[in-house]
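Heads up: the structure comes next, in structure tokens.
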Amino acid sequence: MNQVVEKEARVVNGFAGLALMVAAVLGGGAMFVLGIYHEAWAVFAVGVLLIILGVVAANGLVAVQPNQARVLTFFGSYAGSVRRSGFWYVNPFTAKRNVSLRVRNFTSERIKVNDADGNPVEIAAVVVWRVAESAKAVFDVDDYEQFVGIQAETALRGLATRYPYDSAGEERPSLRENPEELANALRLELEERLQVAGVDVIEARLTHLAYAPEIAQAMLRRQQAQAVVSARRLIVEAAVGMVEDALRGLSERGVVDLDDDKRAAMANNLMVALTSEQSVSPVVNAGTLYGG
């Protein structure tokens, strides 16, 4: 596909063009009246021609607001773009299309898609974008605003299928746990997709992420179970360290002389006390460690 390269259109000061237009209309009007009064038909014809030229010339006046552009076409050919704000005069026979260069938002609808693990999820995103090249936006795509919307939803679907909703304890990025990485990946993919339309993507972020309603309860129970397992694992690991430190301290300080059986019994009691979810009642042993 042959892409259009943006170029600056030739313009002159709009007030100078307006002055010439007014002069042509007023001069033509005067000649029109004189031609009729003196029956000088040549003067009359020039007067009519000047009036017509003045009226046609009015089509060349354009006012460009900040962060706006006017794309000019001359009998089907691209004649350039006016991006400088102000009052200008251009070729009056050109067609002019206004293109906004301001920053805009696109918020996608919530779409349902299967993640990398095959689980149905609902996802939505907001894309902050602006037109960088007005010629590409007008000539290289049919409707650049609609094009942004379709490509944003397509990229969002592709992103959701490449990542799982959560990592489930595995060392891999997920939709729920790596929002910054996903936002950057979405922005880069959109930049590549929208380059053909002359659009810059400033930011792209997820605005909604959830399991689909039909599996939400089951996945919530799974997440709760994973949280419990992770918490218990942490408690056990911490308890093992504390028991190890306690036994080492008793041995180094010579508080008690522990053989293997006594160490095992004490370790068992300490592990029960540290990992139990209920309060542990101490038992005073008046005899030996074995209760004799």
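As shown in the structure tokens, the chain order sets the letters A, B, ...; within each chain, residues go from 1, and ligands are also counted from 1 in the order they appear.
Omitting Val12 of chain A and its sequence neighbours fewer than 5 positions away, and counting only C-alpha atoms, the residues within 10 Å are Gly17, Leu61, Phe87, Trp88, Tyr89, Val90 and Asn91 of chain A.
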Just want the 9 Å neighbourhood of Ile202 of chain A, counted on only C-alpha atoms, with same-chain residues fewer than 6 positions away dropped. Output as a list in words.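 What passes the distance filter is Val103, Val127, Val128, Trp129, Arg130, Arg187 and Glu191 of chain A.
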Atoms kept (N, CA and C atoms) for selection, written as a PDB file, in the first residue's frame:
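Resulting contents of part-v8.pdb:
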ATOM      1  N   VAL A 103      -5.648  15.289  22.146  1.00  0.00           N
ATOM      2  CA  VAL A 103      -5.585  13.989  22.811  1.00  0.00           C
ATOM      3  C   VAL A 103      -7.008  13.511  23.088  1.00  0.00           C
ATOM      4  N   VAL A 127      -7.727   3.651  26.067  1.00  0.00           N
ATOM      5  CA  VAL A 127      -6.585   4.006  25.230  1.00  0.00           C
ATOM      6  C   VAL A 127      -6.572   5.518  25.044  1.00  0.00           C
ATOM      7  N   VAL A 128      -5.451   6.135  25.362  1.00  0.00           N
ATOM      8  CA  VAL A 128      -5.263   7.571  25.178  1.00  0.00           C
ATOM      9  C   VAL A 128      -4.452   7.761  23.896  1.00  0.00           C
ATOM     10  N   TRP A 129      -5.000   8.481  22.924  1.00  0.00           N
ATOM     11  CA  TRP A 129      -4.355   8.576  21.620  1.00  0.00           C
ATOM     12  C   TRP A 129      -4.564   9.956  20.997  1.00  0.00           C
ATOM     13  N   ARG A 130      -3.790  10.233  19.963  1.00  0.00           N
ATOM     14  CA  ARG A 130      -3.920  11.473  19.211  1.00  0.00           C
ATOM     15  C   ARG A 130      -3.435  11.240  17.784  1.00  0.00           C
ATOM     16  N   ARG A 187       0.195  -1.074  24.811  1.00  0.00           N
ATOM     17  CA  ARG A 187       0.533   0.180  24.134  1.00  0.00           C
ATOM     18  C   ARG A 187       1.427  -0.077  22.930  1.00  0.00           C
ATOM     19  N   GLU A 191       0.517   0.771  19.062  1.00  0.00           N
ATOM     20  CA  GLU A 191       1.337   1.667  18.254  1.00  0.00           C
ATOM     21  C   GLU A 191       1.657   1.041  16.900  1.00  0.00           C
TER      22      GLU A 191
END
Select, from A:Lys112, A:Ala246, A:Ile150, A:Glu180, the residue with the minimum atom-to-atom distance to Glu214 of chain A, counting only C-alpha atoms. A:Lys112
Please return as an NGL selection string: the residues of segment 83-148 of chain A that backbone DSSP assigns to strand (DSSP E or B). :A and (86-89 or 95-100 or 104-107 or 111-114 or 120-131)
Option closest in space to Asn59 of chain A, from A:Arg102, A:Arg205, A:Arg110, A:Lys96 [counting only C-alpha atoms]: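 Answer, going by the shortest atom-to-atom distance: A:Lys96.
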Could you write out, as JSON, numbers by chain, all the residues of segment 4-143 of chain A that DSSP marks as helix (DSSP H, G or I)? {"A": [14, 15, 16, 17, 18, 19, 20, 21, 22, 23, 24, 25, 26, 27, 28, 29, 30, 31, 32, 33, 34, 35, 36, 37, 41, 42, 43, 44, 45, 46, 47, 48, 49, 50, 51, 52, 53, 54, 55, 56, 57, 58, 59, 60, 134, 135, 136, 137, 138, 139]}
What gap, in Å, lies between atom CA of Arg172 of chain A and atom CA of His208 of chain A?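 That distance, rounded to one decimal, is 20.8 Å.
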With a distance cut-off of 8 Å and only C-alpha atoms, select the neighbouring residues of Thr73 of chain A, excluding the residue or stretch itself and same-chain residues fewer than 5 positions from it, and output the selection as an NGL selection string. :A and (78-80 or 94-96)
For N, CA, C and O atoms, I'd like the residues from the last selection saved as a compact mmCIF listing (two decimals), in the first residue's frame.
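That gives us part19.txt:
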# COMPACT_ATOMS: atom_id res chain seq x y z
N TYR A 78 -3.57 15.19 -3.10
CA TYR A 78 -3.23 15.76 -1.81
C TYR A 78 -2.38 17.00 -2.01
O TYR A 78 -1.31 16.95 -2.64
N ALA A 79 -2.84 18.14 -1.46
CA ALA A 79 -2.15 19.40 -1.65
C ALA A 79 -1.39 19.86 -0.41
O ALA A 79 -0.72 20.89 -0.45
N GLY A 80 -1.49 19.11 0.69
CA GLY A 80 -0.78 19.49 1.91
C GLY A 80 -1.73 19.68 3.08
O GLY A 80 -2.95 19.63 2.93
N THR A 94 -9.42 24.14 -3.48
CA THR A 94 -9.11 22.91 -2.74
C THR A 94 -10.26 22.55 -1.80
O THR A 94 -10.94 23.43 -1.26
N ALA A 95 -10.44 21.23 -1.63
CA ALA A 95 -11.39 20.74 -0.62
C ALA A 95 -10.65 20.63 0.71
O ALA A 95 -9.48 20.24 0.75
N LYS A 96 -11.33 21.01 1.76
CA LYS A 96 -10.67 21.10 3.07
C LYS A 96 -11.37 20.18 4.05
O LYS A 96 -12.59 20.20 4.17
Determine, counting only C-alpha atoms, which protein, DNA and RNA residues have an atom within 8 Å of an atom of Leu101 of chain A; residues of the same chain fewer than 2 positions away are not included. Present the result as a list in words. Asn67, Gln68, Ala69, Val99, Val103, Arg130, Val131, Ala132 and Ser134 of chain A
What separation in Å, quoted to one decimal, exists between atom CA of Ala185 of chain A and atom CA of Leu156 of chain A? 10.0 Å
Which is closest to Arg193 of chain A among A:Val55, A:Val22, A:Ala152, A:Ala231, if we use only C-alpha atoms? A:Ala152
Between atom CA of Val4 of chain A and atom CA of Ser81 of chain A, what is the distance, to one decimal in Å?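 Calculated distance between atom CA of Val4 of chain A and atom CA of Ser81 of chain A is 11.6 Å.
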When you look at segment 160-166 of chain A with a cut-off of 12 Å (counting only C-alpha atoms), what residues show up, excluding the ones that are within fewer than 6 positions of it in the same chain? I need them as a count of residues only. 42
Please provide as a list in words all residues within 12 Å of Leu53 of chain A, with the sequence filter that same-chain residues fewer than 6 positions apart are discarded (counting only C-alpha atoms). Leu20, Met21, Val22, Ala23, Ala24, Val25, Leu26, Gly27, Gly28, Gly29, Val46, Gly47, Asn59, Gly60, Pro92 and Phe93 of chain A
